[in-house]
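Peer 1: Here it is: the structure, laid out below.
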Amino acid sequence: MTLHLTLGPVQYNWPVERRREFYRQIAASAVDTVVLGETVCFRRSPFLREAMAEEAALLLAAGKRVVLSTLALAVSAAERADVAALCGQADLLTEANDAGALYHLRGRPHWAGPFLNTYAPGTLAVLAANGAEQVCLPWELSLDSLRPLGRTAAGLRLEVPVFGRVPLAISARCYHARLHGLAKDGCQYVCDRDPAGLTVETLEGADFLRINGVQTLSGAVHAAIHEVAALREAGVESLRLMPEAGDMVAVIAAFRAVADGQADPETAERVIREATGGEPLCNGFLHGVDGTAWVGEAAA
């Protein structure tokens, strides 16, 4: 079985020019599908609509499949209306990352994103009945938890996140704004000062978390390169990579090579560490241990 590679949406507040250059590179990469959209903060959306249209056209011309994603937490009336409008468009497939989006997409083909709480076979059955074609499972599931889902996902393609900082929480309040003495509605978009998230350190000085507007991410970068074979055996058909600073084209190529049997995981791990500039890596969730842990090749 050939594993599909999906690139998830950019979670950070990157300027339009940075996004343009990023997706020019992605258009020539080994990824199969690209998910575009603002999943974190509705206030960023107006600045991205024109850019996203350009990005979609560029990626489609390069032969990539493009999917549009909804917000992960729609709170206000304007946010809920935006989700409804996105789900109403018919040009591209929509990925639901909010339960409200599932309501608007019922009976139509769509994807279910990783911000939905999909932990059990019964949930997969409900999503399939609603019209989902693919389900991206949450980051915190272990391999032991994934296997029963893979055995019962008839008719659904299962996807698992394998790269990127792990989204741990999302809030209606913005820590980034509060840190700068600003209100959320007058935030001045200060999250753009931290294009890889704002580092939160422990008292000992260790990189513990990253703050990204209303979102909290892991400090370490999740990289499940040693688990690709186990994920395939568990019934997973697609791997999701989340955009991070560094050489994402090289990261994608490393996963593609392992998935196709053209490289061993140990070699690919070295490529990923170099491509991410030596960022700490983690894969603990898949092994049922502390999510910040790194389980090396032999144990994996």
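Letters A, B, ... go to the chains of the structure tokens in the order shown; residues in each chain start at 1; ligands are counted from 1 in the same order.
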Which residues, written as a list in words, have at least one atom at most 10 Å from Leu127 of chain A, with only C-alpha atoms counted and residues fewer than 3 positions away on the same chain left out?
Peer 2: Leu102, Arg106, His110, Trp111, Ala112, Thr118, Pro121, Gly122, Thr123, Leu124, Asn130, Gly131, Ala132, Glu133, Gln134, Val135 and Leu156 of chain A
Peer 1: Once DSSP has gone over the backbone, tell me which residues of segment 101-188 of chain A are in helix (DSSP H, G or I), as a ChimeraX atom specification.
Peer 2: /A:101-105,121-130,143-151,175-179,184-186
Peer 1: Write a file of the selected residues as an mmCIF file, in the first residue's frame, keeping N, CA and C atoms.
Peer 2:
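File produced: again-v8.cif:
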```cif
data_model
loop_
_atom_site.group_PDB
_atom_site.id
_atom_site.type_symbol
_atom_site.label_atom_id
_atom_site.label_comp_id
_atom_site.auth_asym_id
_atom_site.auth_seq_id
_atom_site.Cartn_x
_atom_site.Cartn_y
_atom_site.Cartn_z
ATOM 1 N N ALA A 101 -18.917 22.551 11.941
ATOM 2 C CA ALA A 101 -18.664 22.351 10.514
ATOM 3 C C ALA A 101 -19.256 21.029 10.031
ATOM 4 N N LEU A 102 -19.241 20.014 10.888
ATOM 5 C CA LEU A 102 -19.830 18.724 10.515
ATOM 6 C C LEU A 102 -21.315 18.878 10.199
ATOM 7 N N TYR A 103 -21.988 19.744 10.941
ATOM 8 C CA TYR A 103 -23.406 19.999 10.691
ATOM 9 C C TYR A 103 -23.611 20.571 9.291
ATOM 10 N N HIS A 104 -22.790 21.536 8.917
ATOM 11 C CA HIS A 104 -22.936 22.170 7.610
ATOM 12 C C HIS A 104 -22.523 21.251 6.463
ATOM 13 N N LEU A 105 -21.673 20.268 6.746
ATOM 14 C CA LEU A 105 -21.155 19.382 5.696
ATOM 15 C C LEU A 105 -21.907 18.055 5.589
ATOM 16 N N PRO A 121 -13.997 3.592 17.505
ATOM 17 C CA PRO A 121 -14.631 3.108 16.274
ATOM 18 C C PRO A 121 -16.031 3.679 16.065
ATOM 19 N N GLY A 122 -16.786 3.867 17.154
ATOM 20 C CA GLY A 122 -18.124 4.431 17.015
ATOM 21 C C GLY A 122 -18.105 5.827 16.430
ATOM 22 N N THR A 123 -17.104 6.613 16.794
ATOM 23 C CA THR A 123 -16.974 7.964 16.247
ATOM 24 C C THR A 123 -16.675 7.904 14.751
ATOM 25 N N LEU A 124 -15.823 6.961 14.347
ATOM 26 C CA LEU A 124 -15.539 6.798 12.920
ATOM 27 C C LEU A 124 -16.811 6.464 12.150
ATOM 28 N N ALA A 125 -17.659 5.621 12.730
ATOM 29 C CA ALA A 125 -18.907 5.248 12.072
ATOM 30 C C ALA A 125 -19.815 6.460 11.892
ATOM 31 N N VAL A 126 -19.885 7.315 12.919
ATOM 32 C CA VAL A 126 -20.706 8.525 12.835
ATOM 33 C C VAL A 126 -20.169 9.464 11.756
ATOM 34 N N LEU A 127 -18.847 9.638 11.723
ATOM 35 C CA LEU A 127 -18.233 10.523 10.736
ATOM 36 C C LEU A 127 -18.458 10.002 9.320
ATOM 37 N N ALA A 128 -18.316 8.688 9.142
ATOM 38 C CA ALA A 128 -18.543 8.096 7.822
ATOM 39 C C ALA A 128 -19.987 8.291 7.380
ATOM 40 N N ALA A 129 -20.934 8.105 8.296
ATOM 41 C CA ALA A 129 -22.350 8.282 7.972
ATOM 42 C C ALA A 129 -22.666 9.729 7.616
ATOM 43 N N ASN A 130 -21.874 10.661 8.154
ATOM 44 C CA ASN A 130 -22.081 12.081 7.881
ATOM 45 C C ASN A 130 -21.541 12.488 6.515
ATOM 46 N N LEU A 143 -0.029 3.941 19.366
ATOM 47 C CA LEU A 143 -0.159 2.883 18.361
ATOM 48 C C LEU A 143 -1.159 1.823 18.814
ATOM 49 N N ASP A 144 -1.168 1.496 20.100
ATOM 50 C CA ASP A 144 -2.115 0.505 20.618
ATOM 51 C C ASP A 144 -3.554 0.992 20.462
ATOM 52 N N SER A 145 -3.775 2.308 20.579
ATOM 53 C CA SER A 145 -5.119 2.867 20.404
ATOM 54 C C SER A 145 -5.502 2.964 18.931
ATOM 55 N N LEU A 146 -4.504 3.109 18.069
ATOM 56 C CA LEU A 146 -4.762 3.257 16.641
ATOM 57 C C LEU A 146 -5.201 1.956 15.982
ATOM 58 N N ARG A 147 -4.648 0.849 16.449
ATOM 59 C CA ARG A 147 -4.891 -0.432 15.769
ATOM 60 C C ARG A 147 -6.370 -0.803 15.702
ATOM 61 N N PRO A 148 -7.147 -0.693 16.795
ATOM 62 C CA PRO A 148 -8.580 -0.999 16.684
ATOM 63 C C PRO A 148 -9.307 -0.089 15.699
ATOM 64 N N LEU A 149 -8.867 1.164 15.593
ATOM 65 C CA LEU A 149 -9.486 2.086 14.652
ATOM 66 C C LEU A 149 -9.194 1.671 13.216
ATOM 67 N N GLY A 150 -7.962 1.249 12.965
ATOM 68 C CA GLY A 150 -7.586 0.801 11.629
ATOM 69 C C GLY A 150 -8.363 -0.421 11.187
ATOM 70 N N ARG A 151 -8.725 -1.285 12.141
ATOM 71 C CA ARG A 151 -9.456 -2.510 11.801
ATOM 72 C C ARG A 151 -10.930 -2.247 11.530
ATOM 73 N N TYR A 175 -3.217 34.572 24.728
ATOM 74 C CA TYR A 175 -2.094 34.796 25.629
ATOM 75 C C TYR A 175 -1.076 35.744 25.000
ATOM 76 N N HIS A 176 -0.885 35.621 23.712
ATOM 77 C CA HIS A 176 0.065 36.482 23.022
ATOM 78 C C HIS A 176 -0.290 37.956 23.227
ATOM 79 N N ALA A 177 -1.577 38.275 23.072
ATOM 80 C CA ALA A 177 -2.021 39.663 23.254
ATOM 81 C C ALA A 177 -1.845 40.115 24.697
ATOM 82 N N ARG A 178 -2.251 39.269 25.643
ATOM 83 C CA ARG A 178 -2.147 39.630 27.063
ATOM 84 C C ARG A 178 -0.707 39.878 27.464
ATOM 85 N N LEU A 179 0.211 39.086 26.914
ATOM 86 C CA LEU A 179 1.628 39.248 27.249
ATOM 87 C C LEU A 179 2.131 40.641 26.881
ATOM 88 N N LYS A 184 -7.590 40.973 23.155
ATOM 89 C CA LYS A 184 -7.651 40.109 21.981
ATOM 90 C C LYS A 184 -8.176 40.848 20.761
ATOM 91 N N ASP A 185 -9.215 41.679 20.939
ATOM 92 C CA ASP A 185 -9.810 42.394 19.809
ATOM 93 C C ASP A 185 -8.946 43.547 19.316
ATOM 94 N N GLY A 186 -7.924 43.912 20.085
ATOM 95 C CA GLY A 186 -6.985 44.949 19.660
ATOM 96 C C GLY A 186 -5.565 44.440 19.752
#
```
Peer 1: Give the answer as one residue: which of A:Leu217, A:Cys282, A:Leu141, A:Ala263 has the shortest atom-to-atom distance to Gln11 of chain A, using only C-alpha atoms?
Peer 2: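 Among the listed residues, A:Leu217 lies closest to Gln11 of chain A.
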Peer 1: Could you write out, as a PyMOL selection string, all the residues of segment 24-251 of chain A that DSSP marks as strand (DSSP E)?
Peer 2: chain A and resi 33-36+65-69+93-96+110-112+132-136+157-170+198-201+207-212+215-223+238-241
Peer 1: When distances are computed from only C-alpha atoms, which of A:His226, A:Arg232, A:Arg44, A:His180 shows the smallest separation from Asp264 of chain A?
Peer 2: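 Residue with the minimum atom-to-atom distance to Asp264 of chain A: A:His226.
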Peer 1: Given the choices A:Ala254, A:Val249, A:Ala27, A:Leu48, which gets closest to Ala268 of chain A if the distance is worked out from only C-alpha atoms?
Peer 2: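 Selected residue with least distance to Ala268 of chain A: A:Ala254.
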Peer 1: How many Å separate atom CA of Ala257 of chain A from atom CA of Ile26 of chain A?
Peer 2: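 Here the two named atoms are 16.3 Å from each other.
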Peer 1: Restricting the calculation to only C-alpha atoms, which member of A:Ala293, A:Ala81, A:Val40, A:Val31 is positioned closest to Ala259 of chain A?
Peer 2: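 Smallest separation from Ala259 of chain A among the options: A:Val31.
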Peer 1: For a quick check of understanding, using only C-alpha atoms, which of A:Ala229, A:Ala62, A:Val271, A:Leu137 has the smallest distance to Asn117 of chain A?
Peer 2: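 Result for the nearest residue to Asn117 of chain A: A:Leu137.
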Peer 1: Please list as a VMD selection string every residue within 12 Å of Ala85 of chain A, counting only C-alpha atoms and excluding residues in the same chain fewer than 3 positions away.
Peer 2: chain A and resid 68 to 71 78 to 82 88 to 90 94 100 to 101 104 to 105
Peer 1: Tell me, counting only C-alpha atoms, for each residue of segment 238-292 of chain A within 6 Å of segment 161-171 of chain A, which pair of atoms is nearest and how far apart they are in Å to one decimal, in rows ordered by chain and increasing number, as a tab-separated table.
Peer 2:
```
residue	atom	partner	partner_atom	distance
A:Leu239	CA	A:Pro161	CA	5.9
A:Arg240	CA	A:Pro161	CA	4.4
A:Leu241	CA	A:Phe163	CA	4.6
A:Met242	CA	A:Gly164	CA	4.8
```
Peer 1: Nearest residue to Asn283 of chain A out of A:Glu266, A:Asp192, A:Glu227, A:Glu21, using only C-alpha atoms?
Peer 2: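 The shortest atom-to-atom distance to Asn283 of chain A comes from A:Glu227.
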Peer 1: Excluding Glu274 of chain A and any residue of its chain fewer than 3 positions from it, enumerate the residues within 12 Å of it, using only C-alpha atoms, and give them as a PDB file with all heavy atoms, in the first residue's frame.
Peer 2:
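What ended up in result_1.pdb:
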```pdb
ATOM      1  N   ALA A 245       9.166  25.974  10.627  1.00  0.00           N
ATOM      2  CA  ALA A 245      10.331  26.677  10.104  1.00  0.00           C
ATOM      3  C   ALA A 245      11.405  25.652   9.757  1.00  0.00           C
ATOM      4  O   ALA A 245      11.469  24.576  10.348  1.00  0.00           O
ATOM      5  CB  ALA A 245      10.850  27.670  11.137  1.00  0.00           C
ATOM      6  N   GLY A 246      12.236  25.970   8.806  1.00  0.00           N
ATOM      7  CA  GLY A 246      13.257  25.026   8.364  1.00  0.00           C
ATOM      8  C   GLY A 246      12.948  24.544   6.955  1.00  0.00           C
ATOM      9  O   GLY A 246      12.116  25.112   6.245  1.00  0.00           O
ATOM     10  N   ASP A 247      13.606  23.477   6.551  1.00  0.00           N
ATOM     11  CA  ASP A 247      13.486  22.949   5.185  1.00  0.00           C
ATOM     12  C   ASP A 247      12.384  21.898   5.129  1.00  0.00           C
ATOM     13  O   ASP A 247      12.641  20.706   5.271  1.00  0.00           O
ATOM     14  CB  ASP A 247      14.832  22.369   4.751  1.00  0.00           C
ATOM     15  CG  ASP A 247      14.870  22.019   3.267  1.00  0.00           C
ATOM     16  OD1 ASP A 247      13.794  22.008   2.635  1.00  0.00           O
ATOM     17  OD2 ASP A 247      15.968  21.749   2.759  1.00  0.00           O
ATOM     18  N   MET A 248      11.127  22.336   4.906  1.00  0.00           N
ATOM     19  CA  MET A 248      10.010  21.393   4.875  1.00  0.00           C
ATOM     20  C   MET A 248      10.084  20.479   3.665  1.00  0.00           C
ATOM     21  O   MET A 248       9.622  19.337   3.713  1.00  0.00           O
ATOM     22  CB  MET A 248       8.681  22.143   4.877  1.00  0.00           C
ATOM     23  CG  MET A 248       8.211  22.616   6.235  1.00  0.00           C
ATOM     24  SD  MET A 248       8.023  21.278   7.478  1.00  0.00           S
ATOM     25  CE  MET A 248       6.830  20.201   6.701  1.00  0.00           C
ATOM     26  N   ALA A 250      12.744  19.092   2.476  1.00  0.00           N
ATOM     27  CA  ALA A 250      13.620  17.987   2.872  1.00  0.00           C
ATOM     28  C   ALA A 250      12.907  17.046   3.842  1.00  0.00           C
ATOM     29  O   ALA A 250      13.065  15.821   3.771  1.00  0.00           O
ATOM     30  CB  ALA A 250      14.898  18.534   3.510  1.00  0.00           C
ATOM     31  N   VAL A 251      12.111  17.613   4.757  1.00  0.00           N
ATOM     32  CA  VAL A 251      11.357  16.779   5.702  1.00  0.00           C
ATOM     33  C   VAL A 251      10.361  15.902   4.950  1.00  0.00           C
ATOM     34  O   VAL A 251      10.244  14.695   5.206  1.00  0.00           O
ATOM     35  CB  VAL A 251      10.629  17.664   6.736  1.00  0.00           C
ATOM     36  CG1 VAL A 251       9.692  16.821   7.596  1.00  0.00           C
ATOM     37  CG2 VAL A 251      11.634  18.389   7.618  1.00  0.00           C
ATOM     38  N   ALA A 254      12.094  13.127   3.189  1.00  0.00           N
ATOM     39  CA  ALA A 254      12.540  12.074   4.109  1.00  0.00           C
ATOM     40  C   ALA A 254      11.400  11.107   4.417  1.00  0.00           C
ATOM     41  O   ALA A 254      11.585   9.878   4.410  1.00  0.00           O
ATOM     42  CB  ALA A 254      13.073  12.700   5.394  1.00  0.00           C
ATOM     43  N   THR A 267      18.485   7.041   8.771  1.00  0.00           N
ATOM     44  CA  THR A 267      19.012   8.040   7.842  1.00  0.00           C
ATOM     45  C   THR A 267      18.049   9.211   7.711  1.00  0.00           C
ATOM     46  O   THR A 267      18.453  10.381   7.725  1.00  0.00           O
ATOM     47  CB  THR A 267      19.244   7.408   6.450  1.00  0.00           C
ATOM     48  OG1 THR A 267      20.186   6.338   6.566  1.00  0.00           O
ATOM     49  CG2 THR A 267      19.765   8.447   5.463  1.00  0.00           C
ATOM     50  N   ALA A 268      16.757   8.902   7.619  1.00  0.00           N
ATOM     51  CA  ALA A 268      15.747   9.949   7.500  1.00  0.00           C
ATOM     52  C   ALA A 268      15.705  10.821   8.751  1.00  0.00           C
ATOM     53  O   ALA A 268      15.490  12.035   8.659  1.00  0.00           O
ATOM     54  CB  ALA A 268      14.382   9.324   7.241  1.00  0.00           C
ATOM     55  N   GLU A 269      15.903  10.229   9.914  1.00  0.00           N
ATOM     56  CA  GLU A 269      15.927  11.016  11.146  1.00  0.00           C
ATOM     57  C   GLU A 269      17.035  12.063  11.104  1.00  0.00           C
ATOM     58  O   GLU A 269      16.836  13.213  11.509  1.00  0.00           O
ATOM     59  CB  GLU A 269      16.126  10.105  12.359  1.00  0.00           C
ATOM     60  CG  GLU A 269      16.168  10.869  13.674  1.00  0.00           C
ATOM     61  CD  GLU A 269      16.702  10.034  14.836  1.00  0.00           C
ATOM     62  OE1 GLU A 269      16.539   8.805  14.836  1.00  0.00           O
ATOM     63  OE2 GLU A 269      17.302  10.636  15.760  1.00  0.00           O
ATOM     64  N   ARG A 270      18.197  11.671  10.617  1.00  0.00           N
ATOM     65  CA  ARG A 270      19.303  12.628  10.520  1.00  0.00           C
ATOM     66  C   ARG A 270      18.949  13.775   9.576  1.00  0.00           C
ATOM     67  O   ARG A 270      19.268  14.939   9.842  1.00  0.00           O
ATOM     68  CB  ARG A 270      20.578  11.910  10.048  1.00  0.00           C
ATOM     69  CG  ARG A 270      21.168  10.958  11.088  1.00  0.00           C
ATOM     70  CD  ARG A 270      22.602  10.589  10.742  1.00  0.00           C
ATOM     71  NE  ARG A 270      22.671   9.786   9.526  1.00  0.00           N
ATOM     72  CZ  ARG A 270      22.625   8.442   9.492  1.00  0.00           C
ATOM     73  NH1 ARG A 270      22.492   7.764  10.626  1.00  0.00           N
ATOM     74  NH2 ARG A 270      22.708   7.799   8.357  1.00  0.00           N
ATOM     75  N   VAL A 271      18.276  13.453   8.473  1.00  0.00           N
ATOM     76  CA  VAL A 271      17.846  14.491   7.532  1.00  0.00           C
ATOM     77  C   VAL A 271      16.874  15.451   8.208  1.00  0.00           C
ATOM     78  O   VAL A 271      16.983  16.679   8.075  1.00  0.00           O
ATOM     79  CB  VAL A 271      17.183  13.852   6.287  1.00  0.00           C
ATOM     80  CG1 VAL A 271      16.560  14.934   5.404  1.00  0.00           C
ATOM     81  CG2 VAL A 271      18.201  13.038   5.499  1.00  0.00           C
ATOM     82  N   GLY A 277      16.960  22.333  11.895  1.00  0.00           N
ATOM     83  CA  GLY A 277      17.947  23.157  12.597  1.00  0.00           C
ATOM     84  C   GLY A 277      18.255  22.663  13.993  1.00  0.00           C
ATOM     85  O   GLY A 277      18.583  23.457  14.878  1.00  0.00           O
ATOM     86  N   GLY A 278      18.147  21.349  14.215  1.00  0.00           N
ATOM     87  CA  GLY A 278      18.494  20.781  15.512  1.00  0.00           C
ATOM     88  C   GLY A 278      17.427  20.947  16.578  1.00  0.00           C
ATOM     89  O   GLY A 278      17.712  20.817  17.777  1.00  0.00           O
ATOM     90  N   GLU A 279      16.193  21.231  16.179  1.00  0.00           N
ATOM     91  CA  GLU A 279      15.105  21.321  17.155  1.00  0.00           C
ATOM     92  C   GLU A 279      14.946  19.981  17.882  1.00  0.00           C
ATOM     93  O   GLU A 279      15.125  18.921  17.281  1.00  0.00           O
ATOM     94  CB  GLU A 279      13.778  21.655  16.450  1.00  0.00           C
ATOM     95  CG  GLU A 279      13.708  23.049  15.873  1.00  0.00           C
ATOM     96  CD  GLU A 279      13.299  24.086  16.911  1.00  0.00           C
ATOM     97  OE1 GLU A 279      13.216  23.732  18.109  1.00  0.00           O
ATOM     98  OE2 GLU A 279      13.075  25.241  16.517  1.00  0.00           O
ATOM     99  N   PRO A 280      14.593  20.003  19.181  1.00  0.00           N
ATOM    100  CA  PRO A 280      14.337  18.741  19.876  1.00  0.00           C
ATOM    101  C   PRO A 280      13.148  18.019  19.249  1.00  0.00           C
ATOM    102  O   PRO A 280      12.147  18.657  18.891  1.00  0.00           O
ATOM    103  CB  PRO A 280      14.034  19.170  21.312  1.00  0.00           C
ATOM    104  CG  PRO A 280      13.646  20.602  21.222  1.00  0.00           C
ATOM    105  CD  PRO A 280      14.408  21.174  20.070  1.00  0.00           C
ATOM    106  N   LEU A 281      13.259  16.708  19.102  1.00  0.00           N
ATOM    107  CA  LEU A 281      12.190  15.901  18.510  1.00  0.00           C
ATOM    108  C   LEU A 281      11.499  15.072  19.587  1.00  0.00           C
ATOM    109  O   LEU A 281      12.093  14.741  20.608  1.00  0.00           O
ATOM    110  CB  LEU A 281      12.750  14.973  17.421  1.00  0.00           C
ATOM    111  CG  LEU A 281      13.499  15.630  16.259  1.00  0.00           C
ATOM    112  CD1 LEU A 281      13.940  14.569  15.265  1.00  0.00           C
ATOM    113  CD2 LEU A 281      12.660  16.704  15.580  1.00  0.00           C
TER     114      LEU A 281
END
```
Peer 1: Report as an MDAnalysis selection string all protein, DNA and RNA residues lying within 12 Å of Phe47 of chain A, evaluated on only C-alpha atoms, omitting residues in the same chain fewer than 6 positions from it.
Peer 2: chainID A and resid 13:17 19 37:38 41 53 189
Peer 1: Contacts of Ala72 of chain A at 8 Å or less, counting only C-alpha atoms, minus same-chain residues fewer than 5 places along, as a VMD selection string?
Peer 2: chain A and resid 39 to 40 97 to 98 115
